[in-house]
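Structure file coords_39.txt (compact mmCIF, C-alpha atoms) follows.
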```
# COMPACT_ATOMS: atom_id res chain seq x y z
CA PRO A 209 -152.90 14.85 111.92
CA GLY A 210 -151.62 16.08 108.59
CA GLY A 211 -152.65 12.87 106.87
CA LYS A 212 -154.70 14.78 104.36
CA SER A 213 -151.53 16.05 102.73
CA ILE A 214 -149.75 12.65 102.65
CA LEU A 215 -150.01 10.79 99.39
CA VAL A 216 -150.93 7.10 99.67
CA THR A 217 -148.57 5.17 97.45
CA PHE A 218 -148.72 1.56 96.42
CA GLU A 219 -145.97 0.77 98.93
CA LYS A 220 -147.85 2.47 101.79
CA ARG A 221 -151.29 0.99 100.98
CA VAL A 222 -151.14 -1.72 103.69
CA GLU A 223 -150.06 0.76 106.35
CA TYR A 224 -152.83 3.13 105.22
CA ALA A 225 -155.48 0.38 105.36
CA GLU A 226 -154.36 -0.64 108.85
CA LEU A 227 -154.48 2.95 110.11
CA VAL A 228 -157.95 3.48 108.61
CA GLU A 229 -159.19 0.27 110.21
CA LYS A 230 -157.72 1.26 113.59
CA GLU A 231 -159.38 4.70 113.45
CA ARG A 232 -162.75 3.32 112.34
CA LEU A 233 -162.73 0.87 115.27
CA ARG A 234 -161.94 3.72 117.68
CA GLU A 235 -164.42 6.29 116.38
CA SER A 236 -167.44 5.03 118.34
CA VAL A 237 -165.70 4.26 121.64
CA LYS A 238 -167.38 7.22 123.43
CA GLN A 239 -170.84 6.20 122.22
CA ALA A 240 -170.30 2.55 123.18
CA GLU A 241 -169.09 3.62 126.62
CA ALA A 242 -172.22 5.79 127.10
CA ILE A 243 -174.43 2.82 126.13
CA ARG A 244 -172.53 0.55 128.55
CA LYS A 245 -172.96 3.06 131.40
CA GLY A 246 -176.68 3.35 130.64
CA LEU A 247 -177.12 -0.42 130.61
CA ASN A 248 -175.30 -0.66 133.91
CA LEU A 249 -177.94 1.60 135.45
CA VAL A 250 -180.51 -1.10 134.65
CA ILE A 251 -178.40 -4.25 134.96
CA PRO A 252 -175.28 -4.74 137.09
CA GLU A 253 -172.18 -4.92 134.89
CA GLY A 254 -171.27 -8.57 135.49
CA LEU A 255 -174.79 -9.88 134.81
CA ILE A 256 -175.25 -8.74 131.21
CA ASN A 257 -173.32 -11.73 129.86
CA LEU A 258 -175.70 -14.09 131.68
CA LEU A 259 -178.78 -12.77 129.85
CA THR A 260 -180.19 -13.74 126.49
CA TRP A 261 -180.91 -10.89 124.08
CA ARG A 262 -184.64 -11.26 124.81
CA GLU A 263 -184.11 -11.00 128.55
CA LEU A 264 -181.89 -7.95 128.07
CA GLU A 265 -184.44 -6.34 125.74
CA SER A 266 -187.21 -6.93 128.26
CA LEU A 267 -185.22 -5.44 131.14
CA VAL A 268 -184.20 -2.37 129.15
CA CYS A 269 -187.29 -1.75 126.99
CA GLY A 270 -190.11 -3.29 129.03
CA LYS A 271 -192.65 -5.94 128.13
CA PRO A 272 -193.25 -6.33 124.39
CA ILE A 273 -196.95 -7.12 124.95
CA LEU A 274 -198.98 -4.51 126.82
CA ASP A 275 -200.19 -6.04 130.09
CA ILE A 276 -203.59 -4.42 130.57
CA GLU A 277 -203.85 -5.43 134.22
CA LEU A 278 -200.46 -3.88 134.98
CA LEU A 279 -201.56 -0.70 133.19
CA ARG A 280 -204.86 -0.73 135.08
CA GLN A 281 -203.06 -1.08 138.43
CA ASN A 282 -200.97 1.95 137.53
CA THR A 283 -203.78 4.20 136.35
CA VAL A 284 -205.12 7.22 138.19
CA TYR A 285 -208.49 8.81 137.41
CA ARG A 286 -209.44 12.50 137.37
CA PHE A 287 -213.04 13.67 137.32
CA CYS A 288 -214.13 10.03 137.05
CA SER A 289 -213.73 6.67 138.76
CA GLU A 290 -212.77 3.26 137.50
CA ASN A 291 -216.39 2.14 138.00
CA ASP A 292 -217.88 4.75 135.65
CA PRO A 293 -219.47 3.18 132.56
CA VAL A 294 -217.24 5.16 130.18
CA ILE A 295 -214.12 3.88 131.96
CA GLU A 296 -215.39 0.30 131.90
CA PHE A 297 -216.01 0.72 128.14
CA PHE A 298 -212.47 2.05 127.76
CA TRP A 299 -210.89 -1.00 129.43
CA ARG A 300 -213.12 -3.37 127.48
CA ALA A 301 -212.13 -1.68 124.20
CA LEU A 302 -208.43 -1.77 125.09
CA LYS A 303 -208.68 -5.51 125.76
CA GLU A 304 -210.10 -5.99 122.26
CA PHE A 305 -207.20 -4.12 120.63
CA THR A 306 -204.54 -6.13 118.84
CA PRO A 307 -201.08 -6.06 120.44
CA GLU A 308 -200.00 -3.56 117.75
CA GLU A 309 -203.00 -1.31 118.47
CA ARG A 310 -202.27 -1.45 122.21
CA SER A 311 -198.69 -0.45 121.51
CA MET A 312 -199.89 2.44 119.32
CA TYR A 313 -202.28 3.58 122.07
CA LEU A 314 -199.47 3.58 124.61
CA ARG A 315 -197.19 5.50 122.26
CA PHE A 316 -199.94 8.08 121.71
CA VAL A 317 -200.69 8.69 125.40
CA TRP A 318 -197.25 8.11 126.89
CA GLY A 319 -194.62 8.48 124.16
CA ARG A 320 -193.43 4.90 124.57
CA SER A 321 -194.70 1.66 123.09
CA ARG A 322 -193.98 -0.67 126.02
CA LEU A 323 -194.82 -0.80 129.70
CA PRO A 324 -192.19 -1.14 132.42
CA LEU A 325 -191.81 -4.65 133.85
CA THR A 326 -193.34 -3.94 137.26
CA SER A 327 -195.39 -1.28 139.05
CA LYS A 328 -192.32 0.03 140.88
CA ASP A 329 -190.67 0.74 137.51
CA PHE A 330 -193.39 3.18 136.37
CA PRO A 331 -191.87 6.68 136.18
CA MET A 332 -195.39 8.13 136.28
CA LYS A 333 -198.93 6.78 136.40
CA HIS A 334 -201.17 6.33 133.39
CA GLN A 335 -203.90 8.93 133.78
CA ILE A 336 -207.47 8.95 132.53
CA GLU A 337 -209.33 12.21 132.79
CA THR A 338 -212.85 12.97 131.64
CA LEU A 339 -213.85 16.40 130.49
CA LYS A 340 -216.42 18.28 132.51
CA LEU A 341 -218.31 20.49 130.13
CA SER A 342 -220.62 23.06 131.58
CA LEU A 343 -223.78 23.68 129.62
CA ILE A 344 -224.55 27.28 128.79
CA HIS A 345 -228.25 28.11 128.52
```
Exercise: express the given structure as structure tokens:
Amino acid sequence: PGGKSILVTFEKRVEYAELVEKERLRESVKQAEAIRKGLNLVIPEGLINLLTWRELESLVCGKPILDIELLRQNTVYRFCSENDPVIEFFWRALKEFTPEERSMYLRFVWGRSRLPLTSKDFPMKHQIETLKLSLIH
């Protein structure tokens, strides 16, 4: 407070540098605490230090490679069934996608690029719906 009006002299330069450093280290404490609380919702506090960065990333972000079978197990169908030819073509096409294309598909339909680790972690099911067009004569 009031530091804006205090002139930094050569004699006070070290004190100034130390105060700036102290403030810069404190400025993101709230954000770091929010991140820590969020991580603790996924991983108990004492266990984070036991994980590698890859294990932590997987637990927080999901699997980096889209597991088609996991997606298939967590898919619901509307106005179609998983045995319809168009649905079988869909799954066949998805299997032929590159990992990057699968990730892009998931981002397009779900707003995220990775799947949760297990079926119980799905916040909602993947849904495939076919359009029923009525013909007008």
Atomic separation - CA of Lys271 in chain A relative to CA of Leu325 in chain A, Å: 5.9 Å
Selection: 9 Å around Leu279 in chain A, all atoms listed in the file, excl. self and same-chain fewer than 2 positions, as number ranges by chain: A: 274-277, 281-283, 323, 327, 333-334
Surrounding residues of Val294 in chain A excluding itself and chain neighbours under 3 positions, 12 Å, only C-alpha atoms, as a count of residues only: 15
Cut-off 12 Å around (-180.3, -6.9, 130.5) with all atoms listed in the file: residues as a list in words: Arg244, Gly246, Leu247, Asn248, Leu249, Val250, Ile251, Pro252, Glu253, Gly254, Leu255, Ile256, Asn257, Leu258, Leu259, Thr260, Trp261, Arg262, Glu263, Leu264, Glu265, Ser266, Leu267, Val268, Cys269 and Gly270 of chain A
Start from the incomplete input, build N, CA and C atoms for range 263-292 of chain A, and deliver everything as a short mmCIF file (atom, residue, chain, number, x, y, z; two decimals), in the coordinates of the input.
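After the write, selection-v6.cif holds the following:
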```cif
data_model
loop_
_atom_site.label_atom_id
_atom_site.label_comp_id
_atom_site.auth_asym_id
_atom_site.auth_seq_id
_atom_site.Cartn_x
_atom_site.Cartn_y
_atom_site.Cartn_z
N GLU A 263 -184.05 -11.42 127.15
CA GLU A 263 -184.11 -11.00 128.55
C GLU A 263 -183.56 -9.57 128.71
N LEU A 264 -182.47 -9.29 128.02
CA LEU A 264 -181.89 -7.95 128.07
C LEU A 264 -182.85 -6.92 127.49
N GLU A 265 -183.46 -7.24 126.36
CA GLU A 265 -184.44 -6.34 125.74
C GLU A 265 -185.60 -6.06 126.69
N SER A 266 -186.09 -7.09 127.34
CA SER A 266 -187.21 -6.93 128.26
C SER A 266 -186.84 -6.04 129.45
N LEU A 267 -185.65 -6.25 130.00
CA LEU A 267 -185.22 -5.44 131.14
C LEU A 267 -185.02 -3.97 130.76
N VAL A 268 -184.50 -3.73 129.57
CA VAL A 268 -184.20 -2.37 129.15
C VAL A 268 -185.43 -1.67 128.57
N CYS A 269 -186.19 -2.39 127.74
CA CYS A 269 -187.29 -1.75 126.99
C CYS A 269 -188.66 -1.98 127.61
N GLY A 270 -188.80 -2.96 128.47
CA GLY A 270 -190.11 -3.29 129.03
C GLY A 270 -190.73 -4.47 128.30
N LYS A 271 -191.95 -4.79 128.71
CA LYS A 271 -192.65 -5.94 128.13
C LYS A 271 -193.08 -5.64 126.70
N PRO A 272 -192.85 -6.58 125.78
CA PRO A 272 -193.25 -6.33 124.39
C PRO A 272 -194.77 -6.34 124.19
N ILE A 273 -195.49 -7.07 125.03
CA ILE A 273 -196.95 -7.12 124.95
C ILE A 273 -197.51 -6.30 126.11
N LEU A 274 -198.41 -5.37 125.79
CA LEU A 274 -198.98 -4.51 126.82
C LEU A 274 -199.84 -5.33 127.78
N ASP A 275 -199.46 -5.35 129.04
CA ASP A 275 -200.19 -6.04 130.09
C ASP A 275 -201.26 -5.09 130.62
N ILE A 276 -202.50 -5.33 130.22
CA ILE A 276 -203.59 -4.42 130.57
C ILE A 276 -203.80 -4.35 132.08
N GLU A 277 -203.67 -5.46 132.76
CA GLU A 277 -203.85 -5.43 134.22
C GLU A 277 -202.77 -4.60 134.90
N LEU A 278 -201.54 -4.70 134.42
CA LEU A 278 -200.46 -3.88 134.98
C LEU A 278 -200.74 -2.40 134.71
N LEU A 279 -201.21 -2.08 133.51
CA LEU A 279 -201.56 -0.70 133.19
C LEU A 279 -202.71 -0.22 134.07
N ARG A 280 -203.69 -1.09 134.25
CA ARG A 280 -204.86 -0.73 135.08
C ARG A 280 -204.46 -0.46 136.53
N GLN A 281 -203.54 -1.26 137.06
CA GLN A 281 -203.06 -1.08 138.43
C GLN A 281 -202.29 0.23 138.59
N ASN A 282 -201.78 0.74 137.49
CA ASN A 282 -200.97 1.95 137.53
C ASN A 282 -201.65 3.12 136.85
N THR A 283 -202.98 3.14 136.95
CA THR A 283 -203.78 4.20 136.35
C THR A 283 -204.42 5.02 137.46
N VAL A 284 -204.40 6.32 137.29
CA VAL A 284 -205.12 7.22 138.19
C VAL A 284 -206.22 7.89 137.38
N TYR A 285 -207.30 8.26 138.08
CA TYR A 285 -208.49 8.81 137.41
C TYR A 285 -208.73 10.23 137.92
N ARG A 286 -209.08 11.12 137.00
CA ARG A 286 -209.44 12.50 137.37
C ARG A 286 -210.82 12.79 136.82
N PHE A 287 -211.66 13.33 137.67
CA PHE A 287 -213.04 13.67 137.32
C PHE A 287 -213.85 12.44 136.90
N CYS A 288 -213.41 11.28 137.34
CA CYS A 288 -214.13 10.03 137.05
C CYS A 288 -213.61 8.97 138.01
N SER A 289 -214.23 7.79 137.96
CA SER A 289 -213.73 6.67 138.76
C SER A 289 -213.66 5.45 137.87
N GLU A 290 -212.92 4.45 138.32
CA GLU A 290 -212.77 3.26 137.50
C GLU A 290 -214.08 2.49 137.33
N ASN A 291 -215.10 2.82 138.12
CA ASN A 291 -216.39 2.14 138.00
C ASN A 291 -217.38 2.87 137.09
N ASP A 292 -217.00 4.03 136.57
CA ASP A 292 -217.88 4.75 135.65
C ASP A 292 -218.04 3.94 134.36
#
```
